[in-house]
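Engineer: File name coords35.cif; file contents mmCIF, N, CA, C and O atoms; full text below.
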```
data_structure
loop_
_atom_site.label_atom_id
_atom_site.label_comp_id
_atom_site.auth_asym_id
_atom_site.auth_seq_id
_atom_site.Cartn_x
_atom_site.Cartn_y
_atom_site.Cartn_z
N LEU Z 240 -5.35 -17.72 3.03
CA LEU Z 240 -5.46 -16.30 3.32
C LEU Z 240 -5.51 -15.56 2.00
O LEU Z 240 -4.69 -15.81 1.11
N THR Z 241 -6.47 -14.66 1.85
CA THR Z 241 -6.58 -13.83 0.65
C THR Z 241 -6.75 -12.37 1.04
O THR Z 241 -7.23 -12.07 2.14
N LEU Z 242 -6.33 -11.49 0.13
CA LEU Z 242 -6.44 -10.05 0.34
C LEU Z 242 -7.35 -9.48 -0.74
O LEU Z 242 -7.27 -9.86 -1.90
N SER Z 243 -8.21 -8.54 -0.33
CA SER Z 243 -9.14 -7.96 -1.29
C SER Z 243 -9.25 -6.45 -1.07
O SER Z 243 -9.64 -6.03 0.02
N PRO Z 244 -8.87 -5.65 -2.07
CA PRO Z 244 -8.25 -6.06 -3.33
C PRO Z 244 -6.81 -6.52 -3.06
O PRO Z 244 -6.35 -6.50 -1.92
N SER Z 245 -6.08 -6.88 -4.11
CA SER Z 245 -4.70 -7.35 -3.93
C SER Z 245 -3.67 -6.28 -4.26
O SER Z 245 -2.47 -6.52 -4.13
N SER Z 246 -4.14 -5.08 -4.70
CA SER Z 246 -3.22 -3.99 -5.02
C SER Z 246 -3.99 -2.68 -5.06
O SER Z 246 -5.21 -2.67 -5.07
N ASN Z 247 -3.22 -1.57 -5.09
CA ASN Z 247 -3.82 -0.25 -5.20
C ASN Z 247 -2.81 0.69 -5.85
O ASN Z 247 -1.60 0.54 -5.67
N ILE Z 248 -3.31 1.65 -6.62
CA ILE Z 248 -2.47 2.65 -7.28
C ILE Z 248 -2.87 4.03 -6.77
O ILE Z 248 -4.05 4.37 -6.75
N PHE Z 249 -1.87 4.82 -6.39
CA PHE Z 249 -2.09 6.16 -5.86
C PHE Z 249 -1.54 7.21 -6.82
O PHE Z 249 -0.58 6.96 -7.54
N THR Z 250 -2.11 8.40 -6.77
CA THR Z 250 -1.53 9.54 -7.46
C THR Z 250 -0.32 10.01 -6.64
O THR Z 250 -0.08 9.52 -5.52
N ALA Z 251 0.40 10.99 -7.14
CA ALA Z 251 1.55 11.53 -6.42
C ALA Z 251 1.16 12.14 -5.08
O ALA Z 251 1.99 12.24 -4.18
N ASN Z 252 -0.10 12.53 -4.93
CA ASN Z 252 -0.55 13.12 -3.66
C ASN Z 252 -0.59 12.13 -2.51
O ASN Z 252 -0.64 12.53 -1.35
N GLY Z 253 -0.62 10.83 -2.80
CA GLY Z 253 -0.71 9.83 -1.75
C GLY Z 253 -2.10 9.80 -1.14
O GLY Z 253 -3.07 10.25 -1.73
N GLY Z 254 -2.20 9.27 0.08
CA GLY Z 254 -3.48 9.22 0.77
C GLY Z 254 -3.64 7.96 1.58
O GLY Z 254 -2.72 7.16 1.73
N SER Z 255 -4.84 7.78 2.11
CA SER Z 255 -5.16 6.63 2.95
C SER Z 255 -6.04 5.65 2.20
O SER Z 255 -6.84 6.03 1.34
N SER Z 256 -5.91 4.37 2.55
CA SER Z 256 -6.77 3.35 1.97
C SER Z 256 -6.74 2.13 2.88
O SER Z 256 -6.11 2.15 3.95
N SER Z 257 -7.40 1.08 2.45
CA SER Z 257 -7.45 -0.15 3.25
C SER Z 257 -7.68 -1.34 2.35
O SER Z 257 -8.05 -1.19 1.18
N PHE Z 258 -7.43 -2.53 2.89
CA PHE Z 258 -7.77 -3.77 2.20
C PHE Z 258 -8.22 -4.79 3.23
O PHE Z 258 -7.89 -4.71 4.40
N ALA Z 259 -9.03 -5.74 2.75
CA ALA Z 259 -9.59 -6.76 3.63
C ALA Z 259 -8.67 -7.98 3.66
O ALA Z 259 -8.10 -8.37 2.64
N VAL Z 260 -8.56 -8.56 4.82
CA VAL Z 260 -7.85 -9.83 5.01
C VAL Z 260 -8.92 -10.89 5.27
O VAL Z 260 -9.71 -10.76 6.21
N ASN Z 261 -8.97 -11.88 4.41
CA ASN Z 261 -9.92 -12.99 4.58
C ASN Z 261 -9.11 -14.24 4.92
O ASN Z 261 -8.33 -14.71 4.11
N SER Z 262 -9.28 -14.70 6.14
CA SER Z 262 -8.41 -15.76 6.63
C SER Z 262 -9.15 -16.72 7.53
O SER Z 262 -9.99 -16.33 8.33
N ASN Z 263 -8.81 -17.98 7.42
CA ASN Z 263 -9.28 -18.95 8.38
C ASN Z 263 -8.15 -19.32 9.35
O ASN Z 263 -8.27 -20.26 10.12
N CYS Z 264 -7.05 -18.57 9.25
CA CYS Z 264 -5.91 -18.78 10.14
C CYS Z 264 -6.25 -18.21 11.52
O CYS Z 264 -7.04 -17.29 11.65
N SER Z 265 -5.61 -18.74 12.52
CA SER Z 265 -5.88 -18.23 13.85
C SER Z 265 -5.31 -16.83 14.05
O SER Z 265 -5.86 -16.04 14.79
N SER Z 266 -4.21 -16.52 13.38
CA SER Z 266 -3.65 -15.18 13.51
C SER Z 266 -2.85 -14.82 12.26
O SER Z 266 -2.39 -15.68 11.53
N TRP Z 267 -2.70 -13.51 12.04
CA TRP Z 267 -1.92 -12.99 10.92
C TRP Z 267 -1.29 -11.67 11.32
O TRP Z 267 -1.78 -10.99 12.21
N THR Z 268 -0.20 -11.33 10.66
CA THR Z 268 0.48 -10.06 10.90
C THR Z 268 0.91 -9.45 9.57
O THR Z 268 1.11 -10.16 8.59
N THR Z 269 1.03 -8.14 9.57
CA THR Z 269 1.48 -7.43 8.37
C THR Z 269 2.93 -7.00 8.55
O THR Z 269 3.42 -6.88 9.67
N SER Z 270 3.59 -6.79 7.42
CA SER Z 270 4.93 -6.21 7.47
C SER Z 270 5.16 -5.39 6.21
O SER Z 270 4.61 -5.68 5.15
N GLU Z 271 5.93 -4.34 6.36
CA GLU Z 271 6.39 -3.50 5.25
C GLU Z 271 7.62 -2.76 5.76
O GLU Z 271 7.76 -2.54 6.94
N ASN Z 272 8.53 -2.46 4.85
CA ASN Z 272 9.78 -1.82 5.29
C ASN Z 272 10.13 -0.60 4.46
O ASN Z 272 11.29 -0.29 4.27
N LEU Z 273 9.11 0.10 3.97
CA LEU Z 273 9.34 1.30 3.18
C LEU Z 273 8.91 2.53 3.97
O LEU Z 273 7.88 2.50 4.65
N ASP Z 274 9.69 3.60 3.86
CA ASP Z 274 9.36 4.80 4.63
C ASP Z 274 8.16 5.56 4.08
O ASP Z 274 7.63 6.43 4.74
N TRP Z 275 7.69 5.24 2.89
CA TRP Z 275 6.56 5.97 2.29
C TRP Z 275 5.23 5.24 2.43
O TRP Z 275 4.19 5.76 2.01
N ILE Z 276 5.23 4.04 3.00
CA ILE Z 276 3.99 3.31 3.30
C ILE Z 276 3.94 3.07 4.79
O ILE Z 276 4.89 2.55 5.37
N GLN Z 277 2.83 3.44 5.42
CA GLN Z 277 2.71 3.27 6.86
C GLN Z 277 1.40 2.54 7.18
O GLN Z 277 0.33 2.97 6.73
N ILE Z 278 1.50 1.47 7.96
CA ILE Z 278 0.31 0.78 8.46
C ILE Z 278 -0.26 1.65 9.57
O ILE Z 278 0.44 1.97 10.53
N THR Z 279 -1.53 2.03 9.46
CA THR Z 279 -2.12 2.91 10.47
C THR Z 279 -3.07 2.17 11.40
O THR Z 279 -3.35 2.66 12.50
N ALA Z 280 -3.58 1.02 10.99
CA ALA Z 280 -4.44 0.20 11.86
C ALA Z 280 -4.54 -1.19 11.25
O ALA Z 280 -4.39 -1.37 10.04
N GLY Z 281 -4.79 -2.17 12.09
CA GLY Z 281 -4.98 -3.53 11.60
C GLY Z 281 -3.70 -4.23 11.23
O GLY Z 281 -3.68 -5.07 10.33
N GLY Z 282 -2.62 -3.92 11.92
CA GLY Z 282 -1.34 -4.55 11.63
C GLY Z 282 -1.27 -6.01 12.01
O GLY Z 282 -0.36 -6.72 11.58
N ALA Z 283 -2.23 -6.49 12.77
CA ALA Z 283 -2.29 -7.90 13.16
C ALA Z 283 -3.74 -8.22 13.50
O ALA Z 283 -4.53 -7.35 13.84
N GLY Z 284 -4.09 -9.49 13.39
CA GLY Z 284 -5.44 -9.89 13.72
C GLY Z 284 -5.61 -11.38 13.67
O GLY Z 284 -4.64 -12.14 13.51
N SER Z 285 -6.84 -11.83 13.80
CA SER Z 285 -7.17 -13.23 13.66
C SER Z 285 -8.44 -13.35 12.84
O SER Z 285 -9.31 -12.46 12.87
N ASN Z 286 -8.53 -14.41 12.07
CA ASN Z 286 -9.64 -14.61 11.14
C ASN Z 286 -9.72 -13.43 10.17
O ASN Z 286 -8.71 -13.03 9.63
N ASN Z 287 -10.89 -12.85 9.94
CA ASN Z 287 -11.04 -11.77 8.97
C ASN Z 287 -10.76 -10.41 9.61
O ASN Z 287 -11.02 -10.23 10.80
N GLY Z 288 -10.23 -9.48 8.83
CA GLY Z 288 -9.95 -8.15 9.35
C GLY Z 288 -9.67 -7.17 8.25
O GLY Z 288 -9.76 -7.49 7.06
N THR Z 289 -9.31 -5.95 8.64
CA THR Z 289 -9.01 -4.88 7.70
C THR Z 289 -7.68 -4.25 8.06
O THR Z 289 -7.41 -4.01 9.24
N VAL Z 290 -6.87 -4.00 7.05
CA VAL Z 290 -5.60 -3.30 7.23
C VAL Z 290 -5.75 -1.90 6.64
O VAL Z 290 -6.12 -1.76 5.46
N ASN Z 291 -5.50 -0.87 7.44
CA ASN Z 291 -5.52 0.51 6.98
C ASN Z 291 -4.08 0.97 6.81
O ASN Z 291 -3.22 0.66 7.65
N TYR Z 292 -3.81 1.74 5.77
CA TYR Z 292 -2.46 2.21 5.52
C TYR Z 292 -2.49 3.59 4.89
O TYR Z 292 -3.51 4.04 4.37
N PHE Z 293 -1.34 4.26 4.96
CA PHE Z 293 -1.19 5.61 4.44
C PHE Z 293 0.02 5.64 3.52
O PHE Z 293 1.07 5.08 3.84
N VAL Z 294 -0.12 6.32 2.39
CA VAL Z 294 0.97 6.51 1.42
C VAL Z 294 1.31 7.99 1.39
O VAL Z 294 0.44 8.83 1.18
N THR Z 295 2.57 8.32 1.63
CA THR Z 295 2.99 9.72 1.67
C THR Z 295 3.04 10.30 0.25
O THR Z 295 3.08 9.57 -0.74
N ALA Z 296 3.03 11.62 0.17
CA ALA Z 296 3.13 12.30 -1.12
C ALA Z 296 4.47 12.00 -1.77
O ALA Z 296 5.48 11.80 -1.09
N TYR Z 297 4.48 11.95 -3.07
CA TYR Z 297 5.67 11.62 -3.86
C TYR Z 297 6.08 12.87 -4.62
O TYR Z 297 5.36 13.33 -5.51
N THR Z 298 7.23 13.43 -4.30
CA THR Z 298 7.69 14.65 -4.94
C THR Z 298 9.08 14.47 -5.52
O THR Z 298 9.86 13.65 -5.05
N GLY Z 299 9.37 15.23 -6.53
CA GLY Z 299 10.72 15.31 -7.06
C GLY Z 299 11.21 14.11 -7.84
O GLY Z 299 12.39 13.97 -8.08
N ALA Z 300 10.33 13.24 -8.27
CA ALA Z 300 10.76 12.07 -9.03
C ALA Z 300 9.98 11.98 -10.34
O ALA Z 300 8.90 12.55 -10.47
N THR Z 301 10.53 11.26 -11.30
CA THR Z 301 9.87 11.12 -12.59
C THR Z 301 9.45 9.68 -12.87
O THR Z 301 8.79 9.42 -13.87
N GLN Z 302 9.82 8.74 -12.03
CA GLN Z 302 9.47 7.33 -12.21
C GLN Z 302 8.43 6.91 -11.18
O GLN Z 302 8.49 7.35 -10.02
N ALA Z 303 7.50 6.06 -11.59
CA ALA Z 303 6.55 5.51 -10.63
C ALA Z 303 7.31 4.63 -9.64
O ALA Z 303 8.42 4.16 -9.92
N ARG Z 304 6.73 4.44 -8.46
CA ARG Z 304 7.35 3.56 -7.47
C ARG Z 304 6.33 2.55 -6.98
O ARG Z 304 5.12 2.77 -7.10
N SER Z 305 6.82 1.44 -6.48
CA SER Z 305 5.92 0.43 -5.94
C SER Z 305 6.56 -0.23 -4.74
O SER Z 305 7.79 -0.25 -4.60
N GLY Z 306 5.71 -0.74 -3.88
CA GLY Z 306 6.16 -1.43 -2.69
C GLY Z 306 5.14 -2.49 -2.31
O GLY Z 306 4.09 -2.60 -2.93
N VAL Z 307 5.46 -3.27 -1.29
CA VAL Z 307 4.62 -4.39 -0.92
C VAL Z 307 4.37 -4.38 0.58
O VAL Z 307 5.30 -4.19 1.37
N ILE Z 308 3.11 -4.58 0.95
CA ILE Z 308 2.74 -4.91 2.33
C ILE Z 308 2.45 -6.40 2.31
O ILE Z 308 1.71 -6.88 1.44
N THR Z 309 3.05 -7.17 3.21
CA THR Z 309 2.76 -8.59 3.24
C THR Z 309 1.93 -8.93 4.47
O THR Z 309 2.08 -8.32 5.53
N VAL Z 310 1.04 -9.88 4.28
CA VAL Z 310 0.23 -10.41 5.37
C VAL Z 310 0.48 -11.91 5.39
O VAL Z 310 0.07 -12.62 4.47
N ASN Z 311 1.21 -12.35 6.41
CA ASN Z 311 1.62 -13.77 6.48
C ASN Z 311 2.23 -14.23 5.16
O ASN Z 311 1.97 -15.34 4.69
N GLY Z 312 3.02 -13.37 4.54
CA GLY Z 312 3.71 -13.71 3.31
C GLY Z 312 2.93 -13.46 2.03
O GLY Z 312 3.47 -13.57 0.94
N VAL Z 313 1.64 -13.11 2.13
CA VAL Z 313 0.83 -12.82 0.94
C VAL Z 313 1.00 -11.35 0.59
O VAL Z 313 0.79 -10.48 1.44
N PRO Z 314 1.39 -11.03 -0.66
CA PRO Z 314 1.69 -9.64 -1.01
C PRO Z 314 0.47 -8.80 -1.35
O PRO Z 314 -0.45 -9.26 -2.02
N PHE Z 315 0.49 -7.56 -0.90
CA PHE Z 315 -0.43 -6.51 -1.33
C PHE Z 315 0.45 -5.43 -1.94
O PHE Z 315 1.29 -4.84 -1.26
N THR Z 316 0.29 -5.17 -3.24
CA THR Z 316 1.16 -4.25 -3.95
C THR Z 316 0.60 -2.83 -3.93
O THR Z 316 -0.58 -2.62 -4.25
N VAL Z 317 1.45 -1.88 -3.57
CA VAL Z 317 1.10 -0.46 -3.56
C VAL Z 317 1.96 0.23 -4.62
O VAL Z 317 3.19 0.14 -4.57
N SER Z 318 1.32 0.88 -5.58
CA SER Z 318 2.04 1.62 -6.61
C SER Z 318 1.66 3.09 -6.50
O SER Z 318 0.56 3.43 -6.07
N GLN Z 319 2.61 3.94 -6.89
CA GLN Z 319 2.35 5.37 -6.84
C GLN Z 319 2.96 6.04 -8.06
O GLN Z 319 4.13 5.85 -8.37
N ASN Z 320 2.13 6.82 -8.73
CA ASN Z 320 2.59 7.55 -9.91
C ASN Z 320 3.41 8.77 -9.48
O ASN Z 320 3.17 9.33 -8.43
N PRO Z 321 4.35 9.18 -10.32
CA PRO Z 321 5.14 10.37 -10.00
C PRO Z 321 4.31 11.62 -10.22
O PRO Z 321 3.25 11.58 -10.84
N PRO Z 322 4.84 12.75 -9.73
CA PRO Z 322 4.16 14.02 -10.01
C PRO Z 322 4.07 14.25 -11.52
O PRO Z 322 4.85 13.68 -12.28
N ASN Z 323 3.16 15.06 -11.94
CA ASN Z 323 2.99 15.37 -13.36
C ASN Z 323 4.30 15.95 -13.89
O ASN Z 323 4.81 16.95 -13.40
N THR Z 324 4.85 15.30 -14.90
CA THR Z 324 6.13 15.74 -15.46
C THR Z 324 5.98 16.37 -16.83
O THR Z 324 6.93 16.50 -17.56
N THR Z 325 4.75 16.74 -17.19
CA THR Z 325 4.51 17.37 -18.47
C THR Z 325 5.12 18.77 -18.51
O THR Z 325 4.90 19.58 -17.62
N CYS Z 326 5.88 19.02 -19.53
CA CYS Z 326 6.50 20.35 -19.69
C CYS Z 326 5.53 21.30 -20.38
O CYS Z 326 4.79 20.91 -21.29
N THR Z 327 5.54 22.54 -19.97
CA THR Z 327 4.71 23.56 -20.59
C THR Z 327 5.62 24.61 -21.20
O THR Z 327 6.52 25.10 -20.54
N TYR Z 328 5.39 24.94 -22.46
CA TYR Z 328 6.24 25.92 -23.15
C TYR Z 328 5.44 27.15 -23.51
O TYR Z 328 4.28 27.11 -23.75
#
```
Represent the structure contained in this file as structure tokens.
Structural biologist:
Amino acid sequence: LTLSPSSNIFTANGGSSSFAVNSNCSSWTTSENLDWIQITAGGAGSNNGTVNYFVTAYTGATQARSGVITVNGVPFTVSQNPPNTTCTY
């Protein structure tokens, strides 16, 4: 089983995206346990498919964050940059 691409980076605004699941397995399922990543379609399938997901906006933080969606144990990494923290004087 392979995922294409294997990761994605979002701005602080978040948004929707997807990745392809290429599998010769009879079935696969996704899992994630973070409140800022939501699977919106394709949470399970057989053979080849597409997983759609949504990343919520990131506010009030200065550090980037990352999380993982797994498909039958194969990781898809989601990273998100913090809001612009540049000071203006």
Engineer: To one decimal place in Å, what is the distance between CA of Phe249 in chain Z and atom C of Thr298 in chain Z?
Structural biologist: 13.9 Å
Engineer: For Thr295 in chain Z, work out the shell of residues within 6 Å, counting only N, CA, C and O atoms and skipping chain neighbours fewer than 6 positions away, then give it as a list in words.
Structural biologist: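 Once the adjacent positions are removed, what remains is Thr250, Ala251, Asn252, Gly253, Gly254, Trp275 and Ile276 of chain Z.
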Engineer: Could you check the closest approach to Ser243 in chain Z for each of Z:Pro314, Z:Ala296, Z:Gln319, Z:Ser255 and tell me which residue wins, using only C-alpha atoms?
Structural biologist: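 Of all the options, Z:Pro314 lies closest to Ser243 in chain Z.
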Engineer: I need the residue set behind the PyMOL selection byres (((chain Z and resi 257 and name CA) around 6) and name CA) for this file; please write it as number ranges by chain.
Structural biologist: Z: 256, 258, 290-292
Engineer: Please produce an output containing N, CA, C and O atoms for each residue in the selection, written as a PDB file, in the coordinates of the input.
Structural biologist:
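Saved file part14.pdb follows:
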```
ATOM      1  N   SER Z 256      -5.910   4.370   2.550  1.00  0.00           N
ATOM      2  CA  SER Z 256      -6.770   3.350   1.970  1.00  0.00           C
ATOM      3  C   SER Z 256      -6.740   2.130   2.880  1.00  0.00           C
ATOM      4  O   SER Z 256      -6.110   2.150   3.950  1.00  0.00           O
ATOM      5  N   PHE Z 258      -7.430  -2.530   2.890  1.00  0.00           N
ATOM      6  CA  PHE Z 258      -7.770  -3.770   2.200  1.00  0.00           C
ATOM      7  C   PHE Z 258      -8.220  -4.790   3.230  1.00  0.00           C
ATOM      8  O   PHE Z 258      -7.890  -4.710   4.400  1.00  0.00           O
ATOM      9  N   VAL Z 290      -6.870  -4.000   7.050  1.00  0.00           N
ATOM     10  CA  VAL Z 290      -5.600  -3.300   7.230  1.00  0.00           C
ATOM     11  C   VAL Z 290      -5.750  -1.900   6.640  1.00  0.00           C
ATOM     12  O   VAL Z 290      -6.120  -1.760   5.460  1.00  0.00           O
ATOM     13  N   ASN Z 291      -5.500  -0.870   7.440  1.00  0.00           N
ATOM     14  CA  ASN Z 291      -5.520   0.510   6.980  1.00  0.00           C
ATOM     15  C   ASN Z 291      -4.080   0.970   6.810  1.00  0.00           C
ATOM     16  O   ASN Z 291      -3.220   0.660   7.650  1.00  0.00           O
ATOM     17  N   TYR Z 292      -3.810   1.740   5.770  1.00  0.00           N
ATOM     18  CA  TYR Z 292      -2.460   2.210   5.520  1.00  0.00           C
ATOM     19  C   TYR Z 292      -2.490   3.590   4.890  1.00  0.00           C
ATOM     20  O   TYR Z 292      -3.510   4.040   4.370  1.00  0.00           O
TER      21      TYR Z 292
END
```
Engineer: Hey, can you check how far atom N of Leu242 in chain Z sits from atom C of Thr309 in chain Z?
Structural biologist: 9.7 Å
Engineer: Taking the block above, write range 311-322 of chain Z with all heavy atoms as a JSON list (two decimals), in the first residue's frame.
Structural biologist:
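Heads up, here's the output in decode-v9.json:
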```json
[["chain", "number", "residue", "atom", "x", "y", "z"],
["Z", 311, "ASN", "N", -4.18, 1.86, 6.98],
["Z", 311, "ASN", "CA", -3.65, 0.52, 7.27],
["Z", 311, "ASN", "C", -2.23, 0.60, 7.83],
["Z", 311, "ASN", "O", -1.36, -0.19, 7.49],
["Z", 311, "ASN", "CB", -3.68, -0.39, 6.05],
["Z", 311, "ASN", "CG", -5.06, -0.90, 5.74],
["Z", 311, "ASN", "OD1", -6.05, -0.39, 6.27],
["Z", 311, "ASN", "ND2", -5.17, -1.89, 4.88],
["Z", 312, "GLY", "N", -1.99, 1.59, 8.69],
["Z", 312, "GLY", "CA", -0.70, 1.74, 9.34],
["Z", 312, "GLY", "C", 0.33, 2.55, 8.57],
["Z", 312, "GLY", "O", 1.39, 2.87, 9.09],
["Z", 313, "VAL", "N", 0.05, 2.91, 7.32],
["Z", 313, "VAL", "CA", 0.97, 3.72, 6.52],
["Z", 313, "VAL", "C", 0.70, 5.19, 6.80],
["Z", 313, "VAL", "O", -0.45, 5.64, 6.67],
["Z", 313, "VAL", "CB", 0.82, 3.42, 5.01],
["Z", 313, "VAL", "CG1", 1.73, 4.32, 4.18],
["Z", 313, "VAL", "CG2", 1.12, 1.95, 4.73],
["Z", 314, "PRO", "N", 1.72, 5.97, 7.20],
["Z", 314, "PRO", "CA", 1.47, 7.36, 7.61],
["Z", 314, "PRO", "C", 1.39, 8.35, 6.45],
["Z", 314, "PRO", "O", 2.15, 8.27, 5.49],
["Z", 314, "PRO", "CB", 2.68, 7.67, 8.49],
["Z", 314, "PRO", "CG", 3.77, 6.83, 7.92],
["Z", 314, "PRO", "CD", 3.10, 5.56, 7.44],
["Z", 315, "PHE", "N", 0.47, 9.29, 6.58],
["Z", 315, "PHE", "CA", 0.39, 10.48, 5.73],
["Z", 315, "PHE", "C", 0.54, 11.65, 6.69],
["Z", 315, "PHE", "O", -0.29, 11.85, 7.58],
["Z", 315, "PHE", "CB", -0.95, 10.55, 4.99],
["Z", 315, "PHE", "CG", -1.09, 11.80, 4.16],
["Z", 315, "PHE", "CD1", -0.59, 11.85, 2.88],
["Z", 315, "PHE", "CD2", -1.69, 12.94, 4.69],
["Z", 315, "PHE", "CE1", -0.70, 13.01, 2.11],
["Z", 315, "PHE", "CE2", -1.80, 14.11, 3.93],
["Z", 315, "PHE", "CZ", -1.30, 14.13, 2.64],
["Z", 316, "THR", "N", 1.61, 12.44, 6.54],
["Z", 316, "THR", "CA", 1.91, 13.51, 7.48],
["Z", 316, "THR", "C", 1.29, 14.82, 7.02],
["Z", 316, "THR", "O", 1.45, 15.22, 5.86],
["Z", 316, "THR", "CB", 3.43, 13.68, 7.63],
["Z", 316, "THR", "OG1", 4.00, 12.44, 8.05],
["Z", 316, "THR", "CG2", 3.76, 14.77, 8.64],
["Z", 317, "VAL", "N", 0.59, 15.48, 7.95],
["Z", 317, "VAL", "CA", -0.01, 16.79, 7.71],
["Z", 317, "VAL", "C", 0.70, 17.79, 8.61],
["Z", 317, "VAL", "O", 0.74, 17.61, 9.83],
["Z", 317, "VAL", "CB", -1.52, 16.79, 8.02],
["Z", 317, "VAL", "CG1", -2.12, 18.16, 7.81],
["Z", 317, "VAL", "CG2", -2.24, 15.74, 7.18],
["Z", 318, "SER", "N", 1.28, 18.82, 8.01],
["Z", 318, "SER", "CA", 1.95, 19.88, 8.78],
["Z", 318, "SER", "C", 1.23, 21.19, 8.52],
["Z", 318, "SER", "O", 0.65, 21.40, 7.45],
["Z", 318, "SER", "CB", 3.41, 20.01, 8.36],
["Z", 318, "SER", "OG", 4.10, 18.80, 8.58],
["Z", 319, "GLN", "N", 1.27, 22.06, 9.53],
["Z", 319, "GLN", "CA", 0.62, 23.36, 9.38],
["Z", 319, "GLN", "C", 1.48, 24.43, 10.03],
["Z", 319, "GLN", "O", 1.89, 24.30, 11.18],
["Z", 319, "GLN", "CB", -0.77, 23.34, 10.00],
["Z", 319, "GLN", "CG", -1.58, 24.58, 9.71],
["Z", 319, "GLN", "CD", -3.02, 24.47, 10.17],
["Z", 319, "GLN", "OE1", -3.32, 23.75, 11.11],
["Z", 319, "GLN", "NE2", -3.90, 25.20, 9.52],
["Z", 320, "ASN", "N", 1.74, 25.47, 9.26],
["Z", 320, "ASN", "CA", 2.53, 26.59, 9.76],
["Z", 320, "ASN", "C", 1.67, 27.46, 10.68],
["Z", 320, "ASN", "O", 0.47, 27.56, 10.50],
["Z", 320, "ASN", "CB", 3.07, 27.41, 8.60],
["Z", 320, "ASN", "CG", 4.11, 26.64, 7.81],
["Z", 320, "ASN", "OD1", 4.93, 25.94, 8.37],
["Z", 320, "ASN", "ND2", 4.06, 26.78, 6.49],
["Z", 321, "PRO", "N", 2.30, 28.12, 11.64],
["Z", 321, "PRO", "CA", 1.55, 29.02, 12.53],
["Z", 321, "PRO", "C", 1.20, 30.30, 11.80],
["Z", 321, "PRO", "O", 1.74, 30.59, 10.73],
["Z", 321, "PRO", "CB", 2.54, 29.29, 13.66],
["Z", 321, "PRO", "CG", 3.88, 29.16, 13.02],
["Z", 321, "PRO", "CD", 3.73, 28.07, 11.98],
["Z", 322, "PRO", "N", 0.31, 31.09, 12.41],
["Z", 322, "PRO", "CA", 0.01, 32.40, 11.83],
["Z", 322, "PRO", "C", 1.29, 33.24, 11.75],
["Z", 322, "PRO", "O", 2.25, 32.98, 12.48],
["Z", 322, "PRO", "CB", -0.98, 33.02, 12.82],
["Z", 322, "PRO", "CG", -1.52, 31.88, 13.59],
["Z", 322, "PRO", "CD", -0.46, 30.83, 13.62]]
```
